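The file start_7.cif comes next; it holds mmCIF, C-alpha atoms and all ligand atoms.
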```cif
data_query
loop_
_atom_site.label_atom_id
_atom_site.label_comp_id
_atom_site.auth_asym_id
_atom_site.auth_seq_id
_atom_site.Cartn_x
_atom_site.Cartn_y
_atom_site.Cartn_z
CA MET A 266 8.53 -10.87 -19.83
CA GLN A 267 6.01 -10.24 -17.02
CA THR A 268 2.32 -10.63 -17.86
CA SER A 269 -0.19 -8.04 -16.63
CA ALA A 270 -1.51 -10.70 -14.19
CA ALA A 271 1.95 -10.84 -12.56
CA LEU A 272 2.25 -7.05 -12.36
CA LYS A 273 0.84 -5.05 -9.47
CA PRO A 274 -0.66 -1.55 -9.83
CA ASP A 275 1.59 1.23 -8.54
CA TYR A 276 -0.55 3.55 -6.41
CA GLY A 277 2.43 5.55 -5.19
CA ASN A 278 2.84 6.86 -1.66
CA TRP A 279 1.32 9.94 -0.02
CA VAL A 280 4.76 10.81 1.33
CA PRO A 281 6.64 12.24 -1.66
CA LYS A 282 10.20 10.79 -1.79
CA LYS A 283 11.66 14.31 -1.64
CA PHE A 284 10.31 14.61 1.95
CA ILE A 285 12.79 11.84 2.84
CA PHE A 286 15.73 12.67 0.57
CA ILE A 287 15.95 16.45 1.15
CA PRO A 288 16.11 16.23 4.99
CA GLY A 289 18.45 13.23 4.61
CA ILE A 290 20.88 15.18 2.44
CA LEU A 291 20.68 18.26 4.72
CA CYS A 292 21.37 16.00 7.70
CA LEU A 293 24.58 14.74 6.06
CA ILE A 294 25.70 18.25 4.98
CA PHE A 295 25.20 19.63 8.51
CA LEU A 296 26.96 16.60 9.97
CA GLY A 297 29.95 17.46 7.77
CA LEU A 298 29.95 20.98 9.26
CA ALA A 299 29.56 19.78 12.84
CA PHE A 300 33.30 20.14 13.56
CA LEU A 301 32.89 23.94 13.07
CA ALA A 302 30.30 24.52 15.78
CA PRO A 303 27.79 22.49 17.90
CA PHE A 304 24.98 24.39 16.14
CA TRP A 305 25.53 22.28 12.98
CA ALA A 306 25.44 19.04 14.97
CA ILE A 307 22.03 20.09 16.40
CA MET A 308 20.79 20.96 12.91
CA SER A 309 22.01 17.61 11.63
CA GLY A 310 20.10 15.82 14.42
CA LEU A 311 16.96 17.82 13.66
CA PHE A 312 16.99 16.88 9.98
CA LEU A 313 17.72 13.27 10.88
CA LEU A 314 14.50 13.28 12.93
CA ILE A 315 12.50 14.81 10.05
CA CYS A 316 13.97 12.31 7.57
CA GLY A 317 13.24 9.43 9.97
CA TYR A 318 9.67 10.59 10.55
CA PHE A 319 8.84 10.69 6.85
CA LEU A 320 10.66 7.42 6.16
CA LEU A 321 8.61 5.65 8.81
CA SER A 322 5.39 7.29 7.54
CA TYR A 323 6.26 6.18 4.00
CA TYR A 324 6.68 2.64 5.30
CA CYS A 325 3.35 2.65 7.20
CA PHE A 326 1.48 3.85 4.10
CA SER A 327 3.12 1.20 1.87
CA PRO A 328 1.82 -2.39 1.37
CA ALA A 329 4.85 -3.74 3.29
CA GLY A 330 4.15 -1.55 6.32
CA GLY A 331 0.45 -2.29 6.89
CA ASP A 332 -1.02 -0.70 3.74
CA VAL A 333 -2.53 2.16 5.75
CA GLN A 334 -2.91 4.19 2.55
CA ALA A 335 -5.09 1.53 0.89
CA ARG A 336 -7.10 1.09 4.09
CA ILE A 337 -7.78 4.85 4.26
CA VAL A 338 -8.97 4.77 0.63
CA GLY A 339 -11.24 1.90 1.70
CA LEU A 340 -12.98 4.20 4.23
CA VAL A 341 -14.45 6.18 1.31
CA LEU A 342 -15.70 3.00 -0.36
CA ASP A 343 -17.29 1.92 2.94
CA ARG A 344 -19.44 5.08 2.98
CA LEU A 345 -20.92 4.56 -0.47
CA ASN A 346 -24.55 3.69 -0.82
CA TRP A 347 -24.60 3.40 -4.60
CA ASP A 348 -26.22 0.92 -6.97
CA GLY A 349 -23.19 1.08 -9.28
CA LYS A 350 -25.26 2.04 -12.32
CA GLY A 351 -23.95 4.92 -14.39
CA LYS A 352 -20.94 7.22 -14.21
CA ALA A 353 -18.62 8.09 -11.35
CA LEU A 354 -15.93 10.74 -10.97
CA ASP A 355 -12.86 10.56 -8.68
CA ILE A 356 -11.43 14.06 -8.16
CA GLY A 357 -7.66 14.22 -7.52
CA CYS A 358 -7.20 10.55 -8.32
CA GLY A 359 -3.39 10.44 -7.94
CA ASN A 360 -2.32 7.11 -9.46
CA GLY A 361 -5.94 5.92 -9.53
CA ALA A 362 -6.15 3.99 -6.24
CA LEU A 363 -9.78 4.93 -5.49
CA THR A 364 -10.80 5.10 -9.17
CA LEU A 365 -9.73 1.53 -9.82
CA ARG A 366 -11.17 0.13 -6.61
CA LEU A 367 -14.48 1.73 -7.58
CA ALA A 368 -14.26 0.15 -11.02
CA GLN A 369 -13.61 -3.25 -9.46
CA ALA A 370 -16.39 -2.89 -6.87
CA TYR A 371 -18.98 -1.72 -9.44
CA PRO A 372 -18.58 -3.78 -12.64
CA ALA A 373 -21.39 -1.95 -14.48
CA ALA A 374 -20.00 1.54 -13.80
CA ARG A 375 -17.85 3.80 -15.95
CA ILE A 376 -15.37 5.80 -13.91
CA THR A 377 -13.46 8.98 -14.69
CA GLY A 378 -10.35 9.82 -12.69
CA SER A 379 -9.22 13.43 -12.86
CA ASP A 380 -6.13 15.08 -11.39
CA PHE A 381 -3.93 18.07 -12.01
CA TRP A 382 -0.83 15.81 -11.81
CA GLY A 383 1.37 18.75 -10.78
CA LYS A 384 5.10 18.63 -10.05
CA ASN A 385 4.61 18.36 -6.28
CA TRP A 386 3.42 14.75 -6.55
CA ASP A 387 4.91 11.53 -7.96
CA TYR A 388 1.68 10.67 -9.84
CA SER A 389 0.78 10.66 -13.54
CA GLN A 390 -1.99 9.96 -16.05
CA GLN A 391 0.27 7.40 -17.73
CA VAL A 392 0.65 5.36 -14.51
CA CYS A 393 -3.13 5.56 -13.94
CA GLU A 394 -3.76 4.11 -17.41
CA GLN A 395 -1.19 1.38 -16.87
CA ASN A 396 -2.71 0.55 -13.45
CA ALA A 397 -6.15 0.30 -15.10
CA ARG A 398 -4.80 -2.22 -17.62
CA ILE A 399 -3.17 -4.26 -14.84
CA ALA A 400 -6.40 -4.18 -12.81
CA GLY A 401 -8.35 -5.31 -15.91
CA VAL A 402 -10.68 -2.29 -15.92
CA ALA A 403 -9.16 -0.17 -18.70
CA ASP A 404 -12.32 -0.47 -20.83
CA ARG A 405 -14.43 1.26 -18.13
CA THR A 406 -12.03 3.92 -16.87
CA ILE A 407 -10.89 7.24 -18.31
CA PHE A 408 -8.23 9.54 -16.87
CA GLN A 409 -8.31 13.26 -17.58
CA LYS A 410 -6.11 16.17 -16.52
CA ALA A 411 -8.17 18.85 -14.76
CA SER A 412 -7.89 21.12 -11.75
CA ALA A 413 -10.40 20.41 -8.99
CA SER A 414 -10.91 24.18 -8.80
CA ALA A 415 -12.63 24.30 -12.23
CA LEU A 416 -13.74 20.89 -13.47
CA PRO A 417 -14.37 20.63 -17.24
CA PHE A 418 -17.75 18.86 -16.95
CA GLU A 419 -21.36 20.08 -17.13
CA ASP A 420 -23.37 20.45 -13.90
CA GLY A 421 -24.71 17.10 -12.66
CA SER A 422 -22.66 14.97 -15.07
CA PHE A 423 -22.08 12.09 -12.63
CA ASP A 424 -24.18 9.64 -10.62
CA LEU A 425 -21.44 9.35 -7.99
CA VAL A 426 -18.60 11.72 -7.14
CA VAL A 427 -15.77 10.79 -4.77
CA SER A 428 -12.48 12.30 -3.69
CA ASN A 429 -9.78 11.33 -1.24
CA LEU A 430 -7.42 13.77 0.53
CA THR A 431 -7.30 16.21 -2.36
CA PHE A 432 -9.35 19.36 -1.68
CA HIS A 433 -6.91 20.85 0.87
CA GLU A 434 -4.11 20.44 -1.71
CA VAL A 435 -5.79 22.55 -4.39
CA SER A 436 -3.60 25.65 -4.59
CA HIS A 437 -5.64 27.25 -7.41
CA THR A 438 -8.40 28.18 -4.93
CA SER A 439 -7.68 29.79 -1.56
CA ASP A 440 -11.10 28.96 -0.07
CA LYS A 441 -11.16 25.15 -0.08
CA ARG A 442 -14.93 25.17 0.59
CA GLN A 443 -15.28 26.38 -3.00
CA VAL A 444 -13.38 23.26 -4.14
CA LEU A 445 -15.95 21.20 -2.25
CA ARG A 446 -18.76 23.19 -3.90
CA GLU A 447 -17.24 22.59 -7.34
CA ALA A 448 -17.13 18.85 -6.58
CA LEU A 449 -20.80 18.90 -5.55
CA ARG A 450 -21.66 20.67 -8.82
CA MET A 451 -20.63 17.45 -10.59
CA VAL A 452 -23.30 15.34 -8.80
CA ARG A 453 -26.63 14.87 -10.60
CA PRO A 454 -29.83 15.49 -8.59
CA GLY A 455 -30.38 12.27 -6.60
CA GLY A 456 -26.74 11.26 -7.16
CA LYS A 457 -24.34 10.26 -4.36
CA PHE A 458 -21.07 11.69 -3.06
CA ALA A 459 -18.36 10.82 -0.54
CA PHE A 460 -15.36 13.06 0.04
CA GLN A 461 -12.58 12.36 2.53
CA ASP A 462 -10.32 15.26 3.43
CA LEU A 463 -8.81 17.15 6.39
CA PHE A 464 -12.29 18.50 7.21
CA LEU A 465 -11.40 18.86 10.90
CA VAL A 466 -8.79 21.54 10.19
CA GLU A 467 -10.90 24.55 11.20
CA ALA A 468 -8.48 27.02 9.59
CA ILE A 469 -9.39 25.47 6.24
CA TYR A 470 -13.04 24.45 6.59
CA GLY A 471 -14.39 26.04 9.79
CA LYS A 472 -16.28 23.89 12.29
CA PRO A 473 -17.62 20.60 10.83
CA GLU A 474 -21.22 21.38 11.85
CA GLU A 475 -20.99 24.77 10.11
CA LEU A 476 -19.56 23.09 7.03
CA VAL A 477 -22.44 20.61 6.96
CA SER A 478 -25.00 23.41 7.24
CA GLN A 479 -23.18 25.36 4.53
CA VAL A 480 -23.45 22.31 2.23
CA ARG A 481 -27.19 22.07 2.98
CA ASN A 482 -27.54 25.75 2.11
CA TRP A 483 -26.02 24.94 -1.28
CA GLY A 484 -29.10 22.78 -1.93
CA ILE A 485 -27.73 19.36 -0.97
CA HIS A 486 -30.56 17.71 0.90
CA LYS A 487 -28.73 14.75 2.50
CA VAL A 488 -25.32 15.33 4.02
CA GLU A 489 -23.52 13.64 6.89
CA PHE A 490 -20.08 14.02 8.41
CA VAL A 491 -18.04 11.25 10.02
CA LYS A 492 -14.65 11.59 11.67
CA THR A 493 -12.28 8.98 10.24
CA CYS A 494 -8.92 10.00 11.73
CA ASP A 495 -9.60 7.93 14.88
CA GLU A 496 -9.74 4.61 13.03
CA ALA A 497 -7.84 2.02 15.06
CA PHE A 498 -5.69 0.83 12.13
CA ILE A 499 -4.06 4.28 11.73
CA PRO A 500 -0.75 4.41 13.66
CA THR A 501 -0.34 7.28 16.16
CA LEU A 502 2.66 8.41 14.11
CA LEU A 503 0.31 9.32 11.23
CA LYS A 504 -2.21 11.13 13.43
CA LEU A 505 -0.36 14.44 13.33
CA PRO A 506 -2.56 17.25 11.96
CA PHE A 507 -0.50 17.66 8.76
CA MET A 508 -0.74 13.94 8.01
CA VAL A 509 -4.15 12.26 8.38
CA GLY A 510 -4.86 13.27 11.99
CA ARG A 511 -7.71 15.68 11.14
CA MET A 512 -9.51 13.62 8.54
CA GLY A 513 -13.21 12.98 8.01
CA ILE A 514 -15.75 12.10 5.32
CA LEU A 515 -18.60 14.23 4.05
CA TYR A 516 -21.11 12.02 2.29
CA GLY A 517 -24.68 12.05 1.13
CA GLU A 518 -27.04 12.60 -1.75
CA ARG A 519 -27.76 15.64 -3.90
C1 LIG B 1 -2.76 12.93 -1.06
S1 LIG B 1 -2.83 12.83 -2.80
C2 LIG B 1 -4.26 11.78 -2.94
C3 LIG B 1 -4.32 11.06 -4.25
C4 LIG B 1 -5.44 10.03 -4.39
N1 LIG B 1 -6.74 10.63 -4.16
C5 LIG B 1 -5.23 8.86 -3.49
O1 LIG B 1 -6.09 8.62 -2.61
O2 LIG B 1 -4.22 8.16 -3.64
C6 LIG B 1 -3.44 14.44 -3.27
C7 LIG B 1 -3.78 14.54 -4.76
O3 LIG B 1 -4.28 15.86 -5.01
C8 LIG B 1 -3.91 16.18 -6.33
N2 LIG B 1 -4.08 17.61 -6.58
C9 LIG B 1 -3.37 18.63 -6.05
N3 LIG B 1 -3.81 19.81 -6.57
C10 LIG B 1 -4.82 19.51 -7.43
C11 LIG B 1 -5.68 20.27 -8.27
N4 LIG B 1 -5.58 21.60 -8.35
N5 LIG B 1 -6.60 19.62 -9.00
C12 LIG B 1 -6.72 18.27 -8.96
N6 LIG B 1 -5.93 17.49 -8.19
C13 LIG B 1 -4.99 18.09 -7.44
C14 LIG B 1 -2.47 15.71 -6.40
O4 LIG B 1 -1.98 15.62 -7.72
C15 LIG B 1 -2.58 14.36 -5.70
O5 LIG B 1 -2.89 13.36 -6.63
#
```

Please go through the file and, once you have read it, give me the structure as structure tokens.
Amino acid sequence: MQTSAALKPDYGNWVPKKFIFIPGILCLIFLGLAFLAPFWAIMSGLFLLICGYFLLSYYCFSPAGGDVQARIVGLVLDRLNWDGKGKALDIGCGNGALTLRLAQAYPAARITGSDFWGKNWDYSQQVCEQNARIAGVADRTIFQKASASALPFEDGSFDLVVSNLTFHEVSHTSDKRQVLREALRMVRPGGKFAFQDLFLVEAIYGKPEELVSQVRNWGIHKVEFVKTCDEAFIPTLLKLPFMVGRMGILYGER
């Protein structure tokens, strides 16, 4: 039997496996039809490219392929200017990658990880709790199902609020700036925040400088924006706009 020390947390992969399998299966089906007309051979080639792209992206994100996913999570931690005293919230925690790294970095803190854990993702509350036991921080972490569009906590409940690549995914709210506003509602006056998302996609958030001034108008007195998609460790392959190519961090103090 493996001990928890021998086990490794499973933080999953930001490329859902279906993005690889579905194009792969379509590629094979169209290849089977290729004797009917050249059109099917072209379609087969197209789906082979899509399958290959996501397979390679999956590999780059994984620990074996450079651990780009963990390094991107680390960018949020690098922006924190927190004393580690009190409570933190990680919105859209997935399998708890950022939640657990926070718990390890701040041994006096209690951390809540929340996520909707919908069908589109291979993440779950159960895996988060198991990861917390493996990481040895289960006594200071709680995982709770909640939509980022309407968080079930009182205003200002947390000393630190973080989130990584979640807001643009929240389908319950069409205006993703309102998801950001809901996240800021969780921060106590004087508390800290750091949110990484596709903030450079203007169709979602508008221009970054307008977003920053909008956040100030919501009463947040310290807010900064930093572009993170240009980090040297991120392979060009992953810099497409629908991957992490338009990413940045909004951080500051309420
Ligand atoms: C790219 S993953 C990032 C997960 C995690 N933050 C990480 O860094 O590994 C996007 C996350 O958004 C979550 N999500 C999608 N819609 C949500 C919603 N309405 N409320 C909360 N989380 C949501 C997904 O379940 C998924 O965990």

So, counting only C-alpha atoms, which residue among A:Gly277, A:Glu467, A:His486, A:Ala448 is closest to A:Phe326?
-> A:Gly277

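Residue nearest ligand LIG 1 (chain B) within the list A:Ser414, A:Ser478, A:Ser439, A:Gln369: A:Ser414 [criterion: smallest interatomic distance, all atoms listed in the file].
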
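Atom CA of A:Leu321 sits 22.0 Å away from atom CA of A:Pro274.
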
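With distances taken over all atoms listed in the file, A:Glu447 is the one residue among A:Asp348, A:Glu419, A:Asp495, A:Glu447 lying closest to ligand LIG 1 (chain B).
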
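The gap separating atom CA of A:Leu313 from atom C8 of ligand LIG 1 (chain B) is 27.8 Å, in Å to one decimal.
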
Identify which of the residues A:Lys282, A:Arg481, A:Lys384, A:Lys487 lies closest to ligand LIG 1 (chain B), counting all atoms listed in the file when measuring atom-to-atom distances.
-> A:Lys384

Could you list, as an MDAnalysis selection string, all the residues within 10 Å of ligand LIG 1 (chain B), counting all atoms listed in the file?
-> chainID A and resid 276:281 334:335 337:339 341 355:364 378:389 410:416 427:438 444 460:462 508:509

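For the pair atom CA of A:Lys504 and atom CA of A:Ile307, the separation is 26.0 Å.
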
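Checking A:Leu425, A:Leu301, A:Phe418, A:Arg336 one by one against A:Tyr371, counting all atoms listed in the file, you find the shortest gap at A:Leu425.
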